[in-house]
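Data block below; observations after.
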Amino acid sequence: MTIPAPKNLVGKSAKDIDRDFFEKLKTNIRNSKEAIGTTITRRLGEEPPPLSFAQQRLWFLAQLDTRASAAYLMAGSLRLQGRLDEAALARALDRIVARHEVLRTSLIQRPDGSVVQLIVAADVGLPLRVLDLSALPDPQAQAQRLAEEEACTPFDLAQAPLIRAVLLKLAAQDHILLLTMHHIASDGWSMGVLVNEFSALYAAFSTGLPDPLPALPIQYADFAAWQHRWIPGALLQRQLEFWRAHLHGAPALLELPTDRPRPPVQDYAGASLDFALEPALSAQLKALAQRHGCTLFMTLLAAWATLLARLAGQSEVVIGSPTANRHRAELEPLIGFFVNTQALRIDLSARPSVAQLLAQVRATALAAQDHQDLPFEQLIEALNPPRSLAHHPLLQVLLSWQNAPSGEFALPGLQLLPAPIGAAAASAKFDLELSLHEQGERIAGSLEYACALFEHASIERHAAQFVTLLQTMVEDDSACVLRLPLLPESEQALLLAFNATEAAFDTELCIHQLFEQQARLRPEAIALVFEQECLSYAELNARANQLAHHLRNLGVGPDTRVAICLPRSTEMVVALLATLKAGAAYVPLDPAYPAQRLA
């Protein structure tokens with residue numbers, strides 16, 4: 001245990017310094033005792049273990065909406081070219097299922113309403129479907145269809161295993177392996193574990209060697225049982241108080257401009273846009289982060305928060321940040337659903353500069369890391385934000401920084417190639433999710449979006465705005481982030497061209513006379529659109545003339561004022577033109593005003 005040296009000693013007496021030191025010492029001893037008392041051990045007895053808190057949320061979503069359950073599938077595909085040992089492949093998959101209890105677990109609701117994990121025997125194996133497509137006219141197209149179908153087929157969470165595998169044979173030495181797991185039993189880190197273990201097991205079994213993997217110290221169910229014992233503890237309660245204070249008064253919904261109204265029930269249909277930053281910009285961002293004592297993630301988070309706030313017209317945003325949540329060595333080799341989400345609140349109300357925003361984001365991210373143990377599900381339950389089937393509670397956008405070990409497929413005698421599943425399997429759990437990672441000298445990633453809300457063209461525009469914002473941030477860290485340009489220079493020039501509408505008009509003519517002139521020149525052109533109604537210049541002019549004659553018959557003329565009390569509508573525009581044509585002036589009255597005020 002390391003006790004940091006006391007800080008801020010200037011102006012303090014020796015007695016004050018000693019008191020500060022011993023208070024810090026007592027705090028560290030108390031935290032150490034709590035940590036020692038929370039060691040994860042093998043569970044005892046035959047009582048079925050509970051679900052982890054993260055599993056509870058996904059199980060509840062699955063009961064609420066089957067589309068939600070399908071959205072939490074984790075599908076992967078790999079093309080295997082060369083001489084494949086099918087027996088070794090099947091045996092390796094069976095061994096992985098035997099090693100990791102969570103993959104052979106079913107989730108059962110008991111009569112009292114509680115949900116528990118039922119773990120089946122280790123020898124259950126993983127049924128491997130082998131489909132020979134080699135005799136078909138187009139085996140590649142059929143493989144694509146089957147891959148998309150497999151990636152969209154939901155699991156029955158009450159039936160183990162929660163993993164399935166399909167081997168598609170395209171030719172004698174050309175196969176595609178499809179692996180699908182439910183997120184309730186896995187996460188991104190788990191995929192790296194699975195890849196490494198599968199590679200080691202296949203290499204051993206294909207050469208007649210025994211299982212080379214060491215025994216696992218604990219299982220996922222041990223973690224879930226420990227989590228339920230630990231959550232009521234004082235340390236977690238202190239973390240809960242931090243998050244309560246951090247999110248108090250935060251906006252419940254980020255109201256981004258969307259192409260379509262938000263549907264009453266989230267449908268989880270999604271798509272994504274891949275993009276990458278230029279190496280030069282990536283290097284500049286790293287330098288900017290280093291100058292301000294930030295990580296690359298913090299710098300990108302500052303830019304993402306700025307873009308979202310400006311798009312939504314809000315001074316504060318809450319952005320989700322997934323963390324691996326494997327800060328204990330015994331959790332690192334496990335497959336399971338450990339990932340936790342931090343709700344990071346970014347405030348731009350003080351109109352910060354780039355440097356000031358980076359300092360704020362750095363402090364926020366570090367404080368969140370110090371309080372990362374509280375499960376996000378527990379935070380939602382404690383805060384009890386407004387619930388809606390239309391969107392995720394508390395936050396609707398994410399920034400994922402992908403730095404978890406990805407694993408490396410290495411199968412002897414085989415060339416391994418990616419086999420993309422295709423857009424049909426895409427889903428979106430949030431309105432927007434920006435996923436980024438370092439790829440050589442570049443920062444690369446994707447922007448995943450809800451198809452119910454956004455068109456692909458809008459996402460392309462937002463991605464370009466994000467890149468432009470990053471470029472301007474690295475150029476001047478003293479600039480106010482709310483004044484940085486979002487449009488690239490080419491689009492700024494185009495915008496100026498669009499707005500270059502200045503034209504010479506006859507200054508002796510009134511507006512209604514200019515309108516009549518246009519009606520003569522382009523009678524069939526659309527002049528007015530309101531809801532489902534469209535009027536050409538000729539039609540609008542005719543209706544205005546008709547009403548103008550009626551007003552003249554009523555005695556309306558020069559120096560007369562005509563009150564117009566109409567909502568925004570076709571009739572309102574007709575009335576304005578007719579009044580001017582009759583030679584009078586109009587007095588607009590708002591129908592929403594009280595009758596006494598209108599009178």
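Residue numbers start at 1 in each chain; chains themselves are named A, B, ... in the order of the structure tokens; ligands are numbered from 1 in the order shown.
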Checklist entry - Do you know which residues are at most 10 Å from Asn403 of chain A counting only C-alpha atoms, after dropping those on the same chain fewer than 3 positions away, and could you put them as a list in words? => result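 Those residues are Gly188, Trp189, Thr323, Ala324, Ser400, Ser406, Leu436, His437 and Glu438 of chain A.
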Item to check | Who sits within 6 Å of segment 257-274 of chain A, only C-alpha atoms, same chain under 2 positions skipped, as a list in words | outcome: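 Once the nearby chain positions are removed, what remains is Leu389, Ala390, Ala426, Ser427, Ala428, Lys429, Gly445, Ser446, Leu447, Glu448, Tyr449, Ala450, Cys451, Leu453 and Phe454 of chain A.
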Write a file of the selected residues as a JSON list (two decimals), in the first residue's frame, keeping N, CA, C and O atoms.
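The file below, selection.json, is the result:
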```json
[["chain", "number", "residue", "atom", "x", "y", "z"],
["A", 389, "LEU", "N", -39.97, 3.99, -23.71],
["A", 389, "LEU", "CA", -39.63, 2.91, -24.64],
["A", 389, "LEU", "C", -38.98, 3.47, -25.90],
["A", 389, "LEU", "O", -38.46, 2.72, -26.71],
["A", 390, "ALA", "N", -39.00, 4.79, -26.04],
["A", 390, "ALA", "CA", -38.49, 5.41, -27.26],
["A", 390, "ALA", "C", -36.98, 5.61, -27.25],
["A", 390, "ALA", "O", -36.38, 5.75, -28.31],
["A", 426, "ALA", "N", -26.98, -5.32, -38.92],
["A", 426, "ALA", "CA", -26.63, -4.16, -38.11],
["A", 426, "ALA", "C", -27.76, -3.80, -37.15],
["A", 426, "ALA", "O", -28.94, -3.99, -37.45],
["A", 427, "SER", "N", -27.37, -3.29, -36.00],
["A", 427, "SER", "CA", -28.35, -2.82, -35.01],
["A", 427, "SER", "C", -27.77, -1.60, -34.31],
["A", 427, "SER", "O", -26.58, -1.34, -34.38],
["A", 428, "ALA", "N", -28.65, -0.85, -33.66],
["A", 428, "ALA", "CA", -28.23, 0.35, -32.93],
["A", 428, "ALA", "C", -28.95, 0.36, -31.59],
["A", 428, "ALA", "O", -30.17, 0.42, -31.54],
["A", 429, "LYS", "N", -28.17, 0.31, -30.51],
["A", 429, "LYS", "CA", -28.76, 0.33, -29.17],
["A", 429, "LYS", "C", -28.97, 1.76, -28.68],
["A", 429, "LYS", "O", -29.73, 1.99, -27.74],
["A", 445, "GLY", "N", -12.36, 4.51, -37.09],
["A", 445, "GLY", "CA", -13.53, 4.06, -36.35],
["A", 445, "GLY", "C", -14.78, 4.09, -37.19],
["A", 445, "GLY", "O", -14.73, 4.10, -38.43],
["A", 446, "SER", "N", -15.91, 4.13, -36.50],
["A", 446, "SER", "CA", -17.20, 4.11, -37.19],
["A", 446, "SER", "C", -18.21, 4.92, -36.37],
["A", 446, "SER", "O", -18.05, 5.09, -35.16],
["A", 447, "LEU", "N", -19.23, 5.39, -37.05],
["A", 447, "LEU", "CA", -20.33, 6.11, -36.42],
["A", 447, "LEU", "C", -21.60, 5.30, -36.66],
["A", 447, "LEU", "O", -22.11, 5.23, -37.77],
["A", 448, "GLU", "N", -22.07, 4.64, -35.60],
["A", 448, "GLU", "CA", -23.27, 3.81, -35.68],
["A", 448, "GLU", "C", -24.48, 4.67, -35.33],
["A", 448, "GLU", "O", -24.43, 5.47, -34.41],
["A", 449, "TYR", "N", -25.59, 4.46, -36.06],
["A", 449, "TYR", "CA", -26.75, 5.33, -35.86],
["A", 449, "TYR", "C", -28.05, 4.55, -35.97],
["A", 449, "TYR", "O", -28.11, 3.48, -36.58],
["A", 450, "ALA", "N", -29.08, 5.12, -35.34],
["A", 450, "ALA", "CA", -30.42, 4.53, -35.40],
["A", 450, "ALA", "C", -31.09, 4.94, -36.70],
["A", 450, "ALA", "O", -31.28, 6.13, -36.97],
["A", 451, "CYS", "N", -31.46, 3.96, -37.52],
["A", 451, "CYS", "CA", -32.06, 4.25, -38.82],
["A", 451, "CYS", "C", -33.43, 4.90, -38.69],
["A", 451, "CYS", "O", -33.87, 5.60, -39.61],
["A", 453, "LEU", "N", -34.11, 7.33, -36.92],
["A", 453, "LEU", "CA", -33.93, 8.76, -36.68],
["A", 453, "LEU", "C", -33.15, 9.47, -37.78],
["A", 453, "LEU", "O", -33.45, 10.61, -38.11],
["A", 454, "PHE", "N", -32.15, 8.81, -38.34],
["A", 454, "PHE", "CA", -31.20, 9.50, -39.21],
["A", 454, "PHE", "C", -31.11, 8.86, -40.59],
["A", 454, "PHE", "O", -31.16, 7.64, -40.73]]
```
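Distance check against Asp174 of chain A using only C-alpha atoms: of A:Arg95, A:Arg79, A:Arg110, A:Arg238, the minimum falls on A:Arg79.
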For segment 418-512 of chain A versus segment 352-357 of chain A, which residues have an atom no more than 12 Å away, and what is each residue's nearest atom pair and distance in Å rounded to one decimal, using only C-alpha atoms, chain-then-number order, as JSON lines?
```
{"residue": "A:Leu469", "atom": "CA", "partner": "A:Val354", "partner_atom": "CA", "distance": 10.7}
{"residue": "A:Leu470", "atom": "CA", "partner": "A:Val354", "partner_atom": "CA", "distance": 10.4}
{"residue": "A:Gln471", "atom": "CA", "partner": "A:Val354", "partner_atom": "CA", "distance": 11.9}
{"residue": "A:Thr472", "atom": "CA", "partner": "A:Val354", "partner_atom": "CA", "distance": 9.7}
{"residue": "A:Met473", "atom": "CA", "partner": "A:Val354", "partner_atom": "CA", "distance": 6.4}
{"residue": "A:Val474", "atom": "CA", "partner": "A:Val354", "partner_atom": "CA", "distance": 8.8}
{"residue": "A:Glu475", "atom": "CA", "partner": "A:Val354", "partner_atom": "CA", "distance": 10.1}
{"residue": "A:Asp476", "atom": "CA", "partner": "A:Val354", "partner_atom": "CA", "distance": 7.7}
{"residue": "A:Asp477", "atom": "CA", "partner": "A:Val354", "partner_atom": "CA", "distance": 4.7}
{"residue": "A:Ser478", "atom": "CA", "partner": "A:Ser353", "partner_atom": "CA", "distance": 5.3}
{"residue": "A:Ala479", "atom": "CA", "partner": "A:Ser353", "partner_atom": "CA", "distance": 5.1}
{"residue": "A:Cys480", "atom": "CA", "partner": "A:Ser353", "partner_atom": "CA", "distance": 4.0}
{"residue": "A:Val481", "atom": "CA", "partner": "A:Ser353", "partner_atom": "CA", "distance": 5.5}
{"residue": "A:Leu482", "atom": "CA", "partner": "A:Pro352", "partner_atom": "CA", "distance": 7.9}
{"residue": "A:Arg483", "atom": "CA", "partner": "A:Ser353", "partner_atom": "CA", "distance": 9.3}
{"residue": "A:Leu484", "atom": "CA", "partner": "A:Val354", "partner_atom": "CA", "distance": 9.5}
```
Dump N, CA, C and O atoms for the selected residues as a PDB file, in the first residue's frame?
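result_3.pdb, freshly written:
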```pdb
ATOM      1  N   LEU A 469     -14.056  19.844 -36.858  1.00  0.00           N
ATOM      2  CA  LEU A 469     -13.906  20.343 -35.487  1.00  0.00           C
ATOM      3  C   LEU A 469     -12.552  19.932 -34.903  1.00  0.00           C
ATOM      4  O   LEU A 469     -11.865  20.732 -34.257  1.00  0.00           O
ATOM      5  N   LEU A 470     -12.148  18.698 -35.136  1.00  0.00           N
ATOM      6  CA  LEU A 470     -10.843  18.240 -34.656  1.00  0.00           C
ATOM      7  C   LEU A 470      -9.710  19.058 -35.274  1.00  0.00           C
ATOM      8  O   LEU A 470      -8.744  19.424 -34.599  1.00  0.00           O
ATOM      9  N   GLN A 471      -9.831  19.345 -36.579  1.00  0.00           N
ATOM     10  CA  GLN A 471      -8.784  20.117 -37.261  1.00  0.00           C
ATOM     11  C   GLN A 471      -8.654  21.522 -36.678  1.00  0.00           C
ATOM     12  O   GLN A 471      -7.548  22.035 -36.506  1.00  0.00           O
ATOM     13  N   THR A 472      -9.779  22.143 -36.367  1.00  0.00           N
ATOM     14  CA  THR A 472      -9.727  23.505 -35.829  1.00  0.00           C
ATOM     15  C   THR A 472      -9.289  23.515 -34.365  1.00  0.00           C
ATOM     16  O   THR A 472      -8.690  24.493 -33.907  1.00  0.00           O
ATOM     17  N   MET A 473      -9.568  22.448 -33.634  1.00  0.00           N
ATOM     18  CA  MET A 473      -9.132  22.366 -32.240  1.00  0.00           C
ATOM     19  C   MET A 473      -7.606  22.333 -32.138  1.00  0.00           C
ATOM     20  O   MET A 473      -7.014  22.968 -31.259  1.00  0.00           O
ATOM     21  N   VAL A 474      -6.964  21.569 -33.021  1.00  0.00           N
ATOM     22  CA  VAL A 474      -5.500  21.452 -32.936  1.00  0.00           C
ATOM     23  C   VAL A 474      -4.811  22.723 -33.427  1.00  0.00           C
ATOM     24  O   VAL A 474      -3.648  22.967 -33.102  1.00  0.00           O
ATOM     25  N   GLU A 475      -5.527  23.540 -34.209  1.00  0.00           N
ATOM     26  CA  GLU A 475      -4.926  24.760 -34.747  1.00  0.00           C
ATOM     27  C   GLU A 475      -4.864  25.882 -33.712  1.00  0.00           C
ATOM     28  O   GLU A 475      -3.959  26.711 -33.744  1.00  0.00           O
ATOM     29  N   ASP A 476      -5.847  25.933 -32.797  1.00  0.00           N
ATOM     30  CA  ASP A 476      -5.879  27.033 -31.824  1.00  0.00           C
ATOM     31  C   ASP A 476      -6.576  26.553 -30.558  1.00  0.00           C
ATOM     32  O   ASP A 476      -7.805  26.505 -30.500  1.00  0.00           O
ATOM     33  N   ASP A 477      -5.810  26.201 -29.518  1.00  0.00           N
ATOM     34  CA  ASP A 477      -6.427  25.684 -28.292  1.00  0.00           C
ATOM     35  C   ASP A 477      -6.912  26.808 -27.373  1.00  0.00           C
ATOM     36  O   ASP A 477      -7.447  26.542 -26.296  1.00  0.00           O
ATOM     37  N   SER A 478      -6.766  28.059 -27.813  1.00  0.00           N
ATOM     38  CA  SER A 478      -7.310  29.171 -27.023  1.00  0.00           C
ATOM     39  C   SER A 478      -8.682  29.615 -27.538  1.00  0.00           C
ATOM     40  O   SER A 478      -9.338  30.455 -26.922  1.00  0.00           O
ATOM     41  N   ALA A 479      -9.117  29.051 -28.654  1.00  0.00           N
ATOM     42  CA  ALA A 479     -10.388  29.455 -29.259  1.00  0.00           C
ATOM     43  C   ALA A 479     -11.565  28.868 -28.487  1.00  0.00           C
ATOM     44  O   ALA A 479     -11.483  27.770 -27.926  1.00  0.00           O
ATOM     45  N   CYS A 480     -12.673  29.601 -28.469  1.00  0.00           N
ATOM     46  CA  CYS A 480     -13.904  29.113 -27.838  1.00  0.00           C
ATOM     47  C   CYS A 480     -14.466  27.973 -28.679  1.00  0.00           C
ATOM     48  O   CYS A 480     -14.632  28.112 -29.897  1.00  0.00           O
ATOM     49  N   VAL A 481     -14.761  26.846 -28.043  1.00  0.00           N
ATOM     50  CA  VAL A 481     -15.217  25.672 -28.796  1.00  0.00           C
ATOM     51  C   VAL A 481     -16.568  25.905 -29.470  1.00  0.00           C
ATOM     52  O   VAL A 481     -16.892  25.241 -30.459  1.00  0.00           O
ATOM     53  N   LEU A 482     -17.350  26.852 -28.938  1.00  0.00           N
ATOM     54  CA  LEU A 482     -18.660  27.110 -29.530  1.00  0.00           C
ATOM     55  C   LEU A 482     -18.571  27.987 -30.777  1.00  0.00           C
ATOM     56  O   LEU A 482     -19.576  28.187 -31.465  1.00  0.00           O
ATOM     57  N   ARG A 483     -17.375  28.512 -31.061  1.00  0.00           N
ATOM     58  CA  ARG A 483     -17.196  29.371 -32.229  1.00  0.00           C
ATOM     59  C   ARG A 483     -16.336  28.713 -33.305  1.00  0.00           C
ATOM     60  O   ARG A 483     -16.109  29.300 -34.370  1.00  0.00           O
ATOM     61  N   LEU A 484     -15.868  27.509 -33.043  1.00  0.00           N
ATOM     62  CA  LEU A 484     -15.062  26.811 -34.042  1.00  0.00           C
ATOM     63  C   LEU A 484     -15.951  26.403 -35.216  1.00  0.00           C
ATOM     64  O   LEU A 484     -17.087  25.960 -35.024  1.00  0.00           O
TER      65      LEU A 484
END
```
Checklist entry - So which one's closest to Phe466 of chain A, A:Leu277, A:Ala592, A:Ile564, A:Leu535? Using only C-alpha atoms, please. => result A:Leu277
Could you list, with a cut-off of 8 Å and counting only C-alpha atoms, the residues of segment 274-391 of chain A near segment 240-255 of chain A, each shown with its nearest atom pair and the distance in Å rounded to one decimal, rows sorted by chain and ascending number, as JSON lines?
```
{"residue": "A:Ala312", "atom": "CA", "partner": "A:Glu255", "partner_atom": "CA", "distance": 5.4}
{"residue": "A:Gln314", "atom": "CA", "partner": "A:Leu254", "partner_atom": "CA", "distance": 7.9}
{"residue": "A:Glu316", "atom": "CA", "partner": "A:Pro251", "partner_atom": "CA", "distance": 7.1}
{"residue": "A:Val317", "atom": "CA", "partner": "A:Leu254", "partner_atom": "CA", "distance": 6.7}
{"residue": "A:Val318", "atom": "CA", "partner": "A:Ala250", "partner_atom": "CA", "distance": 7.3}
{"residue": "A:Arg345", "atom": "CA", "partner": "A:Leu247", "partner_atom": "CA", "distance": 6.8}
{"residue": "A:His371", "atom": "CA", "partner": "A:Phe242", "partner_atom": "CA", "distance": 7.5}
{"residue": "A:Leu374", "atom": "CA", "partner": "A:Leu240", "partner_atom": "CA", "distance": 6.8}
{"residue": "A:Leu379", "atom": "CA", "partner": "A:Leu240", "partner_atom": "CA", "distance": 6.9}
{"residue": "A:Leu383", "atom": "CA", "partner": "A:Arg244", "partner_atom": "CA", "distance": 7.0}
{"residue": "A:Pro385", "atom": "CA", "partner": "A:Ala252", "partner_atom": "CA", "distance": 7.0}
{"residue": "A:Pro386", "atom": "CA", "partner": "A:Ala252", "partner_atom": "CA", "distance": 7.2}
```
Keeping only all heavy atoms, take the residues you just selected and write them out as a short mmCIF file (atom, residue, chain, number, x, y, z; two decimals), in the first residue's frame.
```cif
data_model
loop_
_atom_site.label_atom_id
_atom_site.label_comp_id
_atom_site.auth_asym_id
_atom_site.auth_seq_id
_atom_site.Cartn_x
_atom_site.Cartn_y
_atom_site.Cartn_z
N ALA A 312 -27.40 19.85 -30.94
CA ALA A 312 -28.64 19.80 -30.16
C ALA A 312 -29.05 21.17 -29.64
O ALA A 312 -30.18 21.33 -29.18
CB ALA A 312 -28.47 18.83 -28.99
N GLN A 314 -27.79 22.53 -26.96
CA GLN A 314 -27.82 22.39 -25.51
C GLN A 314 -26.45 22.73 -24.94
O GLN A 314 -25.42 22.50 -25.58
CB GLN A 314 -28.21 20.95 -25.11
CG GLN A 314 -29.61 20.56 -25.54
CD GLN A 314 -29.96 19.12 -25.19
OE1 GLN A 314 -30.82 18.51 -25.81
NE2 GLN A 314 -29.31 18.56 -24.18
N GLU A 316 -25.30 21.41 -22.11
CA GLU A 316 -24.77 20.24 -21.40
C GLU A 316 -25.15 18.97 -22.15
O GLU A 316 -26.24 18.87 -22.71
CB GLU A 316 -25.33 20.16 -19.98
CG GLU A 316 -24.79 21.21 -19.03
CD GLU A 316 -25.29 20.97 -17.62
OE1 GLU A 316 -26.52 20.83 -17.43
OE2 GLU A 316 -24.46 20.90 -16.70
N VAL A 317 -24.24 18.01 -22.13
CA VAL A 317 -24.52 16.70 -22.73
C VAL A 317 -24.03 15.62 -21.77
O VAL A 317 -23.09 15.82 -21.00
CB VAL A 317 -23.83 16.53 -24.10
CG1 VAL A 317 -24.40 17.52 -25.11
CG2 VAL A 317 -22.32 16.70 -23.99
N VAL A 318 -24.70 14.47 -21.82
CA VAL A 318 -24.27 13.30 -21.07
C VAL A 318 -23.93 12.22 -22.09
O VAL A 318 -24.77 11.83 -22.90
CB VAL A 318 -25.37 12.80 -20.12
CG1 VAL A 318 -24.88 11.56 -19.36
CG2 VAL A 318 -25.74 13.90 -19.12
N ARG A 345 -20.75 13.71 -17.87
CA ARG A 345 -21.48 14.96 -18.09
C ARG A 345 -20.49 16.06 -18.46
O ARG A 345 -19.57 16.35 -17.70
CB ARG A 345 -22.26 15.31 -16.83
CG ARG A 345 -23.08 16.59 -16.92
CD ARG A 345 -23.75 16.82 -15.59
NE ARG A 345 -24.64 17.96 -15.57
CZ ARG A 345 -25.33 18.34 -14.49
NH1 ARG A 345 -25.23 17.65 -13.36
NH2 ARG A 345 -26.12 19.40 -14.56
N HIS A 371 -14.40 6.14 -9.66
CA HIS A 371 -15.70 5.67 -9.16
C HIS A 371 -16.34 4.74 -10.19
O HIS A 371 -17.54 4.77 -10.42
CB HIS A 371 -16.63 6.87 -8.89
CG HIS A 371 -16.10 7.82 -7.87
ND1 HIS A 371 -15.22 8.83 -8.19
CD2 HIS A 371 -16.31 7.92 -6.53
CE1 HIS A 371 -14.91 9.51 -7.10
NE2 HIS A 371 -15.56 8.98 -6.08
N LEU A 374 -19.27 1.11 -9.59
CA LEU A 374 -20.73 1.06 -9.48
C LEU A 374 -21.34 0.63 -10.81
O LEU A 374 -21.14 1.30 -11.83
CB LEU A 374 -21.28 2.43 -9.08
CG LEU A 374 -22.79 2.46 -8.87
CD1 LEU A 374 -23.17 1.79 -7.57
CD2 LEU A 374 -23.31 3.90 -8.90
N LEU A 379 -26.91 2.55 -11.02
CA LEU A 379 -27.00 4.00 -11.09
C LEU A 379 -28.37 4.42 -11.66
O LEU A 379 -29.01 5.33 -11.14
CB LEU A 379 -25.88 4.55 -11.98
CG LEU A 379 -25.88 6.07 -12.21
CD1 LEU A 379 -25.75 6.82 -10.91
CD2 LEU A 379 -24.78 6.45 -13.19
N LEU A 383 -31.00 6.69 -9.60
CA LEU A 383 -31.40 8.01 -10.09
C LEU A 383 -32.85 8.03 -10.56
O LEU A 383 -33.50 9.08 -10.54
CB LEU A 383 -30.49 8.46 -11.22
CG LEU A 383 -29.01 8.69 -10.86
CD1 LEU A 383 -28.23 9.12 -12.09
CD2 LEU A 383 -28.88 9.73 -9.77
N PRO A 385 -34.33 7.97 -13.61
CA PRO A 385 -34.64 9.02 -14.59
C PRO A 385 -35.96 8.70 -15.30
O PRO A 385 -36.46 7.57 -15.21
CB PRO A 385 -33.46 8.93 -15.56
CG PRO A 385 -33.02 7.50 -15.48
CD PRO A 385 -33.24 7.09 -14.06
N PRO A 386 -36.54 9.67 -16.01
CA PRO A 386 -37.77 9.40 -16.77
C PRO A 386 -37.55 8.23 -17.73
O PRO A 386 -36.55 8.19 -18.45
CB PRO A 386 -38.01 10.71 -17.53
CG PRO A 386 -37.29 11.76 -16.73
CD PRO A 386 -36.11 11.08 -16.13
#
```
Next on the checklist: With DSSP run on the backbone, what are the strand (DSSP E or B) residues within segment 124-266 of chain A? I'd like them as a PyMOL selection string.
Outcome noted: chain A and resi 128-132+163-171+174-182
Next on the checklist: Quick one: residues within 12 Å of Arg99 of chain A, only C-alpha atoms, excluding same-chain residues fewer than 2 positions away - as a PyMOL selection string?
Outcome noted: chain A and resi 92-97+101-104+121-126+193-194+197-198+201+211+213-220+333-336
Item to check | Distance query segment 164-172 of chain A at most 7 Å, only C-alpha atoms, self and fewer than 3 positions along chain excluded, as a list of chain:residue names | outcome: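 Non-adjacent residues within range: A:Leu126, A:Leu128, A:Arg129, A:Val130, A:Leu131, A:Asp132, A:Leu133, A:Ser134, A:Pro139, A:Ala143, A:His175, A:Ile176, A:Leu177, A:Leu178, A:Leu179, A:Thr180, A:Met181.
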Next on the checklist: When DSSP is applied to the backbone of this structure, which of segment 159-245 of chain A are assigned alpha helix (DSSP H)? Write them out as number ranges by chain.
Outcome noted: A: 188-205, 220-230, 234-245
